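Report on one structure; see the data block that follows.
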Amino acid sequence: MVEEHGLADLWFQQDGATAHTARISLDVLREMFPGRLVSLRGDVGWPARSPDLSICDFFLWGYLKERVFKGRPHTLAMLKQRIIDEVNAIPRDMCARAAENFRDRLQQCIDANGRHLQDIIFKN
């Protein structure tokens with residue numbers, strides 16, 4: 001499936017949420033991403049305290065929270081619609097910059113012998 005889109009070397013990263021580590025979930029992901037599953041029980045262990053390694057954690061959630069709640073949704077339906085609208089409005093170039101920043105963050109972790117950015121920033 002992933003190969004059909006020219007993404008055969010794509011890695012998949014998820015946290016250790018119970019639904020993510022259920023045997024059936026991991027079996028499907030291992031089939032789709034053989035040897036390239038970063039997870040609590042995956043091929044590569046989930047890095048401890050690693051929000052700096054996930055684009056969603058270091059960029060997307062904060063960006064969306066700011067945008068979604070700027071309009072002060074008053075109902076669940078309004079909230080859901082604001083989330084959909086704001087996700088659809090994210091500019092492609094912003095996504096490209098976030099992806100490039102992700103590569104830079106990974107390289108910094110590699111250069112620091114596996115320590116993640118929180119350790120680098122707060123212990124230096």
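Within each chain, counting starts at residue 1; across the structure tokens, chains are named A, B, ... in the order shown, with ligands numbered 1 upward in that order.
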Checklist entry - So which residues touch A:Lys70 within 12 Å, counting only C-alpha atoms, skipping near sequence neighbours fewer than 3 positions away, as a count of residues only? => result 11
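Among A:Leu76, A:Leu40, A:Leu10, A:Ala112, the residue with the shortest atom-to-atom distance to A:Arg23, counting only C-alpha atoms, is A:Leu40.
Reported to one decimal place, the separation of atom CA of A:Arg30 from atom CA of A:Gln108 is 27.4 Å.
For A:Asp85, the non-local neighbours within 9 Å, defined as residues at least 5 positions apart in the same chain or in other chains and counting only C-alpha atoms, are Val68, Lys80 and Ile90 of chain A.
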C-alpha atoms of the current selection, written as a PDB file, in the first residue's frame:
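Okay, this is what ended up in selection22.pdb:
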ATOM      1  CA  VAL A  68      -9.010  27.152  16.428  1.00  0.00           C
ATOM      2  CA  LYS A  80     -15.097  20.310  15.164  1.00  0.00           C
ATOM      3  CA  ILE A  90      -2.593  25.144   6.561  1.00  0.00           C
TER       4      ILE A  90
END
Checklist entry - So which residues of stretch 19-121 of chain A fall under strand (DSSP E or B) by DSSP, listed as an MDAnalysis selection string? => result chainID A and resid 37:39 44:45
Would you output that residue set with N, CA, C and O atoms, as a short mmCIF file (atom, residue, chain, number, x, y, z; two decimals), in the first residue's frame?
data_model
loop_
_atom_site.label_atom_id
_atom_site.label_comp_id
_atom_site.auth_asym_id
_atom_site.auth_seq_id
_atom_site.Cartn_x
_atom_site.Cartn_y
_atom_site.Cartn_z
N LEU A 37 8.99 0.76 12.16
CA LEU A 37 7.93 1.17 13.08
C LEU A 37 8.54 1.65 14.39
O LEU A 37 9.18 0.89 15.11
N VAL A 38 8.37 2.94 14.68
CA VAL A 38 8.84 3.52 15.93
C VAL A 38 7.64 3.57 16.85
O VAL A 38 6.69 4.30 16.61
N SER A 39 7.68 2.76 17.92
CA SER A 39 6.54 2.63 18.81
C SER A 39 7.00 2.00 20.11
O SER A 39 8.11 1.47 20.20
N VAL A 44 11.70 -0.03 16.48
CA VAL A 44 12.56 0.94 17.16
C VAL A 44 11.75 1.48 18.32
O VAL A 44 10.63 1.94 18.12
N GLY A 45 12.30 1.43 19.52
CA GLY A 45 11.56 1.86 20.69
C GLY A 45 11.20 3.34 20.64
O GLY A 45 11.95 4.16 20.11
#
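Comparing the minimum interatomic distances between A:Arg97 and each of A:Ile55, A:Ile110, A:Ala77, A:Ala19, counting only C-alpha atoms, we find that A:Ile55 sits nearest.
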Checklist entry - Quick one: residues within 9 Å of A:Pro34, only C-alpha atoms counted, chain neighbours fewer than 5 positions away excluded, as a VMD selection string? => result chain A and resid 11 29 43
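Here atom CA of A:Ile84 is placed at a distance of 13.3 Å from atom CA of A:Gly71.
Atom CA of A:Thr75 to atom CA of A:Cys56 spans 24.6 Å [interatomic distance, one decimal].
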